[in-house]
>>> print(open('data30.cif').read())   # mmCIF, N, CA and C atoms
data_target
#
loop_
_atom_site.label_atom_id
_atom_site.label_comp_id
_atom_site.auth_asym_id
_atom_site.auth_seq_id
_atom_site.Cartn_x
_atom_site.Cartn_y
_atom_site.Cartn_z
N HIS A 115 0.84 -1.17 0.00
CA HIS A 115 0.00 0.00 0.00
C HIS A 115 0.89 1.24 0.00
N PRO A 116 0.55 2.26 -0.79
CA PRO A 116 1.39 3.45 -0.90
C PRO A 116 1.65 4.15 0.44
N GLN A 117 0.69 4.11 1.35
CA GLN A 117 0.87 4.78 2.64
C GLN A 117 1.93 4.11 3.50
N GLN A 118 2.29 2.88 3.18
CA GLN A 118 3.33 2.18 3.92
C GLN A 118 4.72 2.66 3.53
N LYS A 119 4.83 3.35 2.41
CA LYS A 119 6.10 3.91 1.93
C LYS A 119 7.22 2.86 1.91
N GLY A 120 6.87 1.66 1.44
CA GLY A 120 7.85 0.59 1.31
C GLY A 120 8.12 -0.18 2.59
N SER A 121 7.51 0.21 3.68
CA SER A 121 7.75 -0.44 4.96
C SER A 121 6.72 -1.54 5.22
N THR A 122 7.17 -2.60 5.84
CA THR A 122 6.25 -3.67 6.24
C THR A 122 6.16 -3.75 7.77
N SER A 123 6.49 -2.66 8.43
CA SER A 123 6.41 -2.65 9.89
C SER A 123 4.95 -2.66 10.34
N LEU A 124 4.74 -3.19 11.51
CA LEU A 124 3.40 -3.23 12.09
C LEU A 124 2.80 -1.83 12.15
N LYS A 125 3.60 -0.87 12.56
CA LYS A 125 3.14 0.51 12.68
C LYS A 125 2.63 1.05 11.34
N LYS A 126 3.41 0.86 10.27
CA LYS A 126 3.02 1.38 8.96
C LYS A 126 1.81 0.64 8.39
N ILE A 127 1.74 -0.66 8.59
CA ILE A 127 0.58 -1.43 8.11
C ILE A 127 -0.68 -0.95 8.83
N HIS A 128 -0.60 -0.80 10.14
CA HIS A 128 -1.76 -0.36 10.91
C HIS A 128 -2.20 1.03 10.47
N GLN A 129 -1.25 1.94 10.27
CA GLN A 129 -1.59 3.29 9.81
C GLN A 129 -2.26 3.25 8.44
N ALA A 130 -1.77 2.40 7.55
CA ALA A 130 -2.34 2.32 6.20
C ALA A 130 -3.77 1.78 6.22
N VAL A 131 -4.01 0.80 7.06
CA VAL A 131 -5.34 0.17 7.12
C VAL A 131 -6.35 1.06 7.84
N PHE A 132 -5.95 1.65 8.94
CA PHE A 132 -6.90 2.37 9.79
C PHE A 132 -6.78 3.90 9.73
N ALA A 133 -5.80 4.41 8.98
CA ALA A 133 -5.61 5.85 8.79
C ALA A 133 -5.50 6.62 10.11
N ARG A 134 -4.80 6.01 11.06
CA ARG A 134 -4.50 6.70 12.32
C ARG A 134 -3.22 6.13 12.90
N ASP A 135 -2.55 6.95 13.69
CA ASP A 135 -1.28 6.55 14.30
C ASP A 135 -1.50 6.38 15.79
N ILE A 136 -1.60 5.14 16.25
CA ILE A 136 -1.84 4.89 17.67
C ILE A 136 -0.59 5.11 18.51
N TYR A 137 0.54 5.30 17.86
CA TYR A 137 1.80 5.48 18.56
C TYR A 137 2.21 6.96 18.69
N GLU A 138 1.52 7.83 18.01
CA GLU A 138 1.94 9.21 17.82
C GLU A 138 2.30 9.95 19.11
N GLU A 139 1.50 9.85 20.13
CA GLU A 139 1.70 10.63 21.36
C GLU A 139 2.57 9.91 22.40
N MET A 140 3.11 8.76 22.04
CA MET A 140 3.85 7.95 23.01
C MET A 140 5.33 8.33 23.06
N PRO A 141 5.93 8.34 24.26
CA PRO A 141 7.37 8.62 24.36
C PRO A 141 8.21 7.57 23.61
N VAL A 142 7.79 6.32 23.69
CA VAL A 142 8.43 5.25 22.91
C VAL A 142 7.44 4.92 21.80
N ASN A 143 7.78 5.31 20.56
CA ASN A 143 6.82 5.14 19.47
C ASN A 143 7.40 4.44 18.25
N SER A 144 8.49 3.70 18.46
CA SER A 144 9.07 2.91 17.37
C SER A 144 9.90 1.78 17.96
N GLY A 145 10.15 0.78 17.16
CA GLY A 145 10.96 -0.34 17.60
C GLY A 145 12.37 0.07 17.98
N ILE A 146 12.93 1.00 17.23
CA ILE A 146 14.28 1.49 17.54
C ILE A 146 14.30 2.16 18.91
N LEU A 147 13.32 3.03 19.16
CA LEU A 147 13.25 3.69 20.47
C LEU A 147 13.01 2.68 21.59
N ALA A 148 12.25 1.64 21.30
CA ALA A 148 12.03 0.59 22.30
C ALA A 148 13.34 -0.12 22.61
N SER A 149 14.14 -0.40 21.60
CA SER A 149 15.44 -1.05 21.82
C SER A 149 16.35 -0.17 22.66
N TYR A 150 16.43 1.11 22.32
CA TYR A 150 17.25 2.04 23.09
C TYR A 150 16.70 2.18 24.52
N GLY A 151 15.38 2.25 24.62
CA GLY A 151 14.75 2.39 25.93
C GLY A 151 15.02 1.20 26.83
N TYR A 152 15.02 0.01 26.24
CA TYR A 152 15.31 -1.18 27.03
C TYR A 152 16.76 -1.17 27.52
N ASP A 153 17.65 -0.76 26.64
CA ASP A 153 19.06 -0.64 27.03
C ASP A 153 19.21 0.38 28.16
N ASP A 154 18.54 1.51 28.02
CA ASP A 154 18.57 2.53 29.07
C ASP A 154 18.00 1.98 30.38
N TYR A 155 16.91 1.23 30.27
CA TYR A 155 16.29 0.63 31.46
C TYR A 155 17.27 -0.28 32.19
N LEU A 156 17.98 -1.10 31.46
CA LEU A 156 18.92 -2.03 32.08
C LEU A 156 20.07 -1.31 32.79
N LYS A 157 20.44 -0.15 32.29
CA LYS A 157 21.59 0.59 32.84
C LYS A 157 21.20 1.66 33.86
N GLU A 158 19.93 1.97 33.97
CA GLU A 158 19.49 3.10 34.81
C GLU A 158 19.58 2.76 36.30
N PRO A 159 20.35 3.54 37.07
CA PRO A 159 20.45 3.27 38.50
C PRO A 159 19.30 3.89 39.33
N ASP A 160 18.72 4.98 38.83
CA ASP A 160 17.65 5.66 39.56
C ASP A 160 16.35 4.87 39.44
N ILE A 161 15.78 4.46 40.57
CA ILE A 161 14.59 3.59 40.53
C ILE A 161 13.36 4.31 39.96
N PHE A 162 13.28 5.62 40.16
CA PHE A 162 12.13 6.35 39.64
C PHE A 162 12.20 6.50 38.13
N LYS A 163 13.38 6.80 37.63
CA LYS A 163 13.59 6.89 36.17
C LYS A 163 13.41 5.51 35.54
N LYS A 164 13.90 4.49 36.25
CA LYS A 164 13.77 3.11 35.76
C LYS A 164 12.29 2.73 35.63
N GLN A 165 11.48 3.12 36.62
CA GLN A 165 10.04 2.84 36.58
C GLN A 165 9.38 3.55 35.41
N GLU A 166 9.78 4.80 35.16
CA GLU A 166 9.23 5.55 34.03
C GLU A 166 9.59 4.88 32.70
N LEU A 167 10.83 4.46 32.56
CA LEU A 167 11.26 3.76 31.35
C LEU A 167 10.45 2.47 31.16
N LYS A 168 10.27 1.74 32.25
CA LYS A 168 9.50 0.49 32.18
C LYS A 168 8.07 0.75 31.73
N GLU A 169 7.42 1.75 32.31
CA GLU A 169 6.04 2.09 31.92
C GLU A 169 5.95 2.46 30.45
N ASN A 170 6.92 3.23 29.96
CA ASN A 170 6.93 3.61 28.54
C ASN A 170 7.08 2.38 27.65
N LEU A 171 7.94 1.46 28.04
CA LEU A 171 8.14 0.24 27.25
C LEU A 171 6.90 -0.66 27.28
N VAL A 172 6.29 -0.79 28.44
CA VAL A 172 5.08 -1.61 28.56
C VAL A 172 3.95 -1.00 27.72
N ASN A 173 3.81 0.32 27.76
CA ASN A 173 2.78 0.97 26.95
C ASN A 173 3.01 0.78 25.46
N TYR A 174 4.26 0.80 25.04
CA TYR A 174 4.58 0.55 23.64
C TYR A 174 4.19 -0.89 23.27
N CYS A 175 4.51 -1.84 24.14
CA CYS A 175 4.14 -3.24 23.89
C CYS A 175 2.62 -3.41 23.82
N LYS A 176 1.91 -2.72 24.69
CA LYS A 176 0.44 -2.77 24.66
C LYS A 176 -0.09 -2.22 23.34
N ALA A 177 0.51 -1.14 22.85
CA ALA A 177 0.07 -0.56 21.58
C ALA A 177 0.33 -1.54 20.44
N ASP A 178 1.47 -2.21 20.45
CA ASP A 178 1.75 -3.23 19.43
C ASP A 178 0.73 -4.36 19.49
N THR A 179 0.42 -4.81 20.69
CA THR A 179 -0.57 -5.88 20.85
C THR A 179 -1.93 -5.44 20.35
N ARG A 180 -2.33 -4.22 20.70
CA ARG A 180 -3.61 -3.68 20.23
C ARG A 180 -3.63 -3.60 18.70
N ALA A 181 -2.53 -3.17 18.10
CA ALA A 181 -2.45 -3.07 16.64
C ALA A 181 -2.61 -4.45 15.99
N VAL A 182 -1.95 -5.45 16.53
CA VAL A 182 -2.06 -6.81 15.98
C VAL A 182 -3.50 -7.30 16.10
N LEU A 183 -4.13 -7.09 17.25
CA LEU A 183 -5.51 -7.55 17.44
C LEU A 183 -6.47 -6.82 16.50
N GLU A 184 -6.27 -5.52 16.32
CA GLU A 184 -7.13 -4.77 15.41
C GLU A 184 -6.96 -5.25 13.97
N LEU A 185 -5.73 -5.49 13.56
CA LEU A 185 -5.49 -6.00 12.21
C LEU A 185 -6.07 -7.39 12.03
N PHE A 186 -5.88 -8.25 13.02
CA PHE A 186 -6.44 -9.60 12.95
C PHE A 186 -7.96 -9.55 12.83
N SER A 187 -8.60 -8.72 13.65
CA SER A 187 -10.06 -8.59 13.59
C SER A 187 -10.51 -8.07 12.22
N HIS A 188 -9.77 -7.11 11.69
CA HIS A 188 -10.11 -6.54 10.38
C HIS A 188 -9.98 -7.60 9.28
N ILE A 189 -8.89 -8.34 9.29
CA ILE A 189 -8.68 -9.39 8.28
C ILE A 189 -9.72 -10.48 8.42
N THR A 190 -10.05 -10.84 9.65
CA THR A 190 -11.08 -11.86 9.88
C THR A 190 -12.41 -11.39 9.31
N GLU A 191 -12.76 -10.15 9.56
CA GLU A 191 -14.01 -9.60 9.05
C GLU A 191 -14.02 -9.58 7.52
N LEU A 192 -12.91 -9.18 6.91
CA LEU A 192 -12.82 -9.19 5.45
C LEU A 192 -13.00 -10.60 4.88
N SER A 193 -12.43 -11.58 5.54
CA SER A 193 -12.53 -12.95 5.05
C SER A 193 -13.95 -13.50 5.15
N ARG A 194 -14.73 -12.95 6.04
CA ARG A 194 -16.12 -13.40 6.21
C ARG A 194 -17.06 -12.68 5.26
N ASN A 195 -16.64 -11.52 4.75
CA ASN A 195 -17.51 -10.68 3.93
C ASN A 195 -16.85 -10.23 2.63
N PRO A 196 -16.51 -11.16 1.74
CA PRO A 196 -15.97 -10.71 0.46
C PRO A 196 -17.03 -9.96 -0.33
N ASP A 197 -16.58 -9.10 -1.25
CA ASP A 197 -17.58 -8.36 -2.04
C ASP A 197 -18.24 -9.33 -3.04
N GLU A 198 -19.20 -8.84 -3.82
CA GLU A 198 -19.98 -9.70 -4.69
C GLU A 198 -19.17 -10.41 -5.76
N SER A 199 -18.04 -9.88 -6.13
CA SER A 199 -17.19 -10.52 -7.14
C SER A 199 -16.29 -11.60 -6.52
N GLY A 200 -16.38 -11.75 -5.20
CA GLY A 200 -15.55 -12.74 -4.53
C GLY A 200 -14.23 -12.18 -4.05
N ASN A 201 -14.00 -10.89 -4.31
CA ASN A 201 -12.76 -10.25 -3.86
C ASN A 201 -12.93 -9.74 -2.44
N PHE A 202 -11.81 -9.64 -1.77
CA PHE A 202 -11.81 -9.07 -0.43
C PHE A 202 -11.48 -7.59 -0.59
N SER A 203 -12.32 -6.75 0.00
CA SER A 203 -12.09 -5.30 -0.16
C SER A 203 -11.42 -4.72 1.05
#
>>> encode(input="data30.cif", output="structure tokens")
Amino acid sequence: HPQQKGSTSLKKIHQAVFARDIYEEMPVNSGILASYGYDDYLKEPDIFKKQELKENLVNYCKADTRAVLELFSHITELSRNPDESGNFS
């Protein structure tokens, strides 16, 4: 899909299908930032900062899970309701 701009990431697929960015307002809003955030979490000595990093990572994981479930539900619905020509729209 053109809106994916060549990417097959979960984030880009979800944006293309649903025309919204569920990650937009999140401090951790990409896989790269999640990787860096996890590394920061492992090295962070301050327990309060560590808790904040953990919450941001968990929220990112929840958003990924929600995106997968929404896509799965959408694909399931399409498979149950093909258009009259037998194509999935």
>>> residues_around(input="data30.cif", residues="Val142 (chain A)", least_positions_apart="4", cutoff="7 Å", atoms="only C-alpha atoms", output="ChimeraX atom specification")
/A:147-148,170-171,174
>>> atom_distance(input="data30.cif", atom1="atom N of Asn173 (chain A)", atom2="CA of Met140 (chain A)")
9.0 Å
>>> axis_aligned_box(input="data30.cif", around="region 167-185 of chain A", padding_each_side="5 Å", output="JSON")
{"center_x": 2.1, "center_y": -1.5, "center_z": 22.3, "size_x": 28.4, "size_y": 22.0, "size_z": 30.5}
>>> atom_distance(input="data30.cif", atom1="atom N of Gln129 (chain A)", atom2="CA of Gly151 (chain A)")
22.4 Å
>>> atom_distance(input="data30.cif", atom1="atom C of Gln118 (chain A)", atom2="atom N of Arg194 (chain A)")
25.1 Å
>>> residues_near_point(input="data30.cif", point="(-0.6, 3.9, 16.4)", cutoff="6.5 Å", atoms="all atoms listed in the file", output="list in words")
Lys125, Gln129, Arg134, Asp135, Ile136, Tyr137 and Glu138 of chain A
>>> resolve_selection(input="data30.cif", expression="the PyMOL selection byres (((chain A and resi 131 and name CA) around 9) and name CA)", output="PyMOL selection string")
chain A and resi 115+117+126-130+132-134+185+188
>>> select_by_dssp(input="data30.cif", residues="chain A", states="alpha helix (DSSP H)", output="VMD selection string")
chain A and resid 124 to 132 145 to 157 161 to 194
>>> closest_residue(input="data30.cif", among="A:Ser121, A:Asn195, A:Ser144, A:Tyr152", to="Leu167 (chain A)", atoms="all atoms listed in the file")
A:Tyr152
>>> decode(input="data30.cif", residues="region 153-200 of chain A", atoms="N, CA and C atoms", output="short mmCIF file (atom, residue, chain, number, x, y, z; two decimals), in the first residue's frame")
data_model
loop_
_atom_site.label_atom_id
_atom_site.label_comp_id
_atom_site.auth_asym_id
_atom_site.auth_seq_id
_atom_site.Cartn_x
_atom_site.Cartn_y
_atom_site.Cartn_z
N ASP A 153 17.65 -0.76 26.64
CA ASP A 153 19.06 -0.64 27.03
C ASP A 153 19.21 0.38 28.16
N ASP A 154 18.54 1.51 28.02
CA ASP A 154 18.57 2.53 29.07
C ASP A 154 18.00 1.98 30.38
N TYR A 155 16.91 1.23 30.27
CA TYR A 155 16.29 0.63 31.46
C TYR A 155 17.27 -0.28 32.19
N LEU A 156 17.98 -1.10 31.46
CA LEU A 156 18.92 -2.03 32.08
C LEU A 156 20.07 -1.31 32.79
N LYS A 157 20.44 -0.15 32.29
CA LYS A 157 21.59 0.59 32.84
C LYS A 157 21.20 1.66 33.86
N GLU A 158 19.93 1.97 33.97
CA GLU A 158 19.49 3.10 34.81
C GLU A 158 19.58 2.76 36.30
N PRO A 159 20.35 3.54 37.07
CA PRO A 159 20.45 3.27 38.50
C PRO A 159 19.30 3.89 39.33
N ASP A 160 18.72 4.98 38.83
CA ASP A 160 17.65 5.66 39.56
C ASP A 160 16.35 4.87 39.44
N ILE A 161 15.78 4.46 40.57
CA ILE A 161 14.59 3.59 40.53
C ILE A 161 13.36 4.31 39.96
N PHE A 162 13.28 5.62 40.16
CA PHE A 162 12.13 6.35 39.64
C PHE A 162 12.20 6.50 38.13
N LYS A 163 13.38 6.80 37.63
CA LYS A 163 13.59 6.89 36.17
C LYS A 163 13.41 5.51 35.54
N LYS A 164 13.90 4.49 36.25
CA LYS A 164 13.77 3.11 35.76
C LYS A 164 12.29 2.73 35.63
N GLN A 165 11.48 3.12 36.62
CA GLN A 165 10.04 2.84 36.58
C GLN A 165 9.38 3.55 35.41
N GLU A 166 9.78 4.80 35.16
CA GLU A 166 9.23 5.55 34.03
C GLU A 166 9.59 4.88 32.70
N LEU A 167 10.83 4.46 32.56
CA LEU A 167 11.26 3.76 31.35
C LEU A 167 10.45 2.47 31.16
N LYS A 168 10.27 1.74 32.25
CA LYS A 168 9.50 0.49 32.18
C LYS A 168 8.07 0.75 31.73
N GLU A 169 7.42 1.75 32.31
CA GLU A 169 6.04 2.09 31.92
C GLU A 169 5.95 2.46 30.45
N ASN A 170 6.92 3.23 29.96
CA ASN A 170 6.93 3.61 28.54
C ASN A 170 7.08 2.38 27.65
N LEU A 171 7.94 1.46 28.04
CA LEU A 171 8.14 0.24 27.25
C LEU A 171 6.90 -0.66 27.28
N VAL A 172 6.29 -0.79 28.44
CA VAL A 172 5.08 -1.61 28.56
C VAL A 172 3.95 -1.00 27.72
N ASN A 173 3.81 0.32 27.76
CA ASN A 173 2.78 0.97 26.95
C ASN A 173 3.01 0.78 25.46
N TYR A 174 4.26 0.80 25.04
CA TYR A 174 4.58 0.55 23.64
C TYR A 174 4.19 -0.89 23.27
N CYS A 175 4.51 -1.84 24.14
CA CYS A 175 4.14 -3.24 23.89
C CYS A 175 2.62 -3.41 23.82
N LYS A 176 1.91 -2.72 24.69
CA LYS A 176 0.44 -2.77 24.66
C LYS A 176 -0.09 -2.22 23.34
N ALA A 177 0.51 -1.14 22.85
CA ALA A 177 0.07 -0.56 21.58
C ALA A 177 0.33 -1.54 20.44
N ASP A 178 1.47 -2.21 20.45
CA ASP A 178 1.75 -3.23 19.43
C ASP A 178 0.73 -4.36 19.49
N THR A 179 0.42 -4.81 20.69
CA THR A 179 -0.57 -5.88 20.85
C THR A 179 -1.93 -5.44 20.35
N ARG A 180 -2.33 -4.22 20.70
CA ARG A 180 -3.61 -3.68 20.23
C ARG A 180 -3.63 -3.60 18.70
N ALA A 181 -2.53 -3.17 18.10
CA ALA A 181 -2.45 -3.07 16.64
C ALA A 181 -2.61 -4.45 15.99
N VAL A 182 -1.95 -5.45 16.53
CA VAL A 182 -2.06 -6.81 15.98
C VAL A 182 -3.50 -7.30 16.10
N LEU A 183 -4.13 -7.09 17.25
CA LEU A 183 -5.51 -7.55 17.44
C LEU A 183 -6.47 -6.82 16.50
N GLU A 184 -6.27 -5.52 16.32
CA GLU A 184 -7.13 -4.77 15.41
C GLU A 184 -6.96 -5.25 13.97
N LEU A 185 -5.73 -5.49 13.56
CA LEU A 185 -5.49 -6.00 12.21
C LEU A 185 -6.07 -7.39 12.03
N PHE A 186 -5.88 -8.25 13.02
CA PHE A 186 -6.44 -9.60 12.95
C PHE A 186 -7.96 -9.55 12.83
N SER A 187 -8.60 -8.72 13.65
CA SER A 187 -10.06 -8.59 13.59
C SER A 187 -10.51 -8.07 12.22
N HIS A 188 -9.77 -7.11 11.69
CA HIS A 188 -10.11 -6.54 10.38
C HIS A 188 -9.98 -7.60 9.28
N ILE A 189 -8.89 -8.34 9.29
CA ILE A 189 -8.68 -9.39 8.28
C ILE A 189 -9.72 -10.48 8.42
N THR A 190 -10.05 -10.84 9.65
CA THR A 190 -11.08 -11.86 9.88
C THR A 190 -12.41 -11.39 9.31
N GLU A 191 -12.76 -10.15 9.56
CA GLU A 191 -14.01 -9.60 9.05
C GLU A 191 -14.02 -9.58 7.52
N LEU A 192 -12.91 -9.18 6.91
CA LEU A 192 -12.82 -9.19 5.45
C LEU A 192 -13.00 -10.60 4.88
N SER A 193 -12.43 -11.58 5.54
CA SER A 193 -12.53 -12.95 5.05
C SER A 193 -13.95 -13.50 5.15
N ARG A 194 -14.73 -12.95 6.04
CA ARG A 194 -16.12 -13.40 6.21
C ARG A 194 -17.06 -12.68 5.26
N ASN A 195 -16.64 -11.52 4.75
CA ASN A 195 -17.51 -10.68 3.93
C ASN A 195 -16.85 -10.23 2.63
N PRO A 196 -16.51 -11.16 1.74
CA PRO A 196 -15.97 -10.71 0.46
C PRO A 196 -17.03 -9.96 -0.33
N ASP A 197 -16.58 -9.10 -1.25
CA ASP A 197 -17.58 -8.36 -2.04
C ASP A 197 -18.24 -9.33 -3.04
N GLU A 198 -19.20 -8.84 -3.82
CA GLU A 198 -19.98 -9.70 -4.69
C GLU A 198 -19.17 -10.41 -5.76
N SER A 199 -18.04 -9.88 -6.13
CA SER A 199 -17.19 -10.52 -7.14
C SER A 199 -16.29 -11.60 -6.52
N GLY A 200 -16.38 -11.75 -5.20
CA GLY A 200 -15.55 -12.74 -4.53
C GLY A 200 -14.23 -12.18 -4.05
#
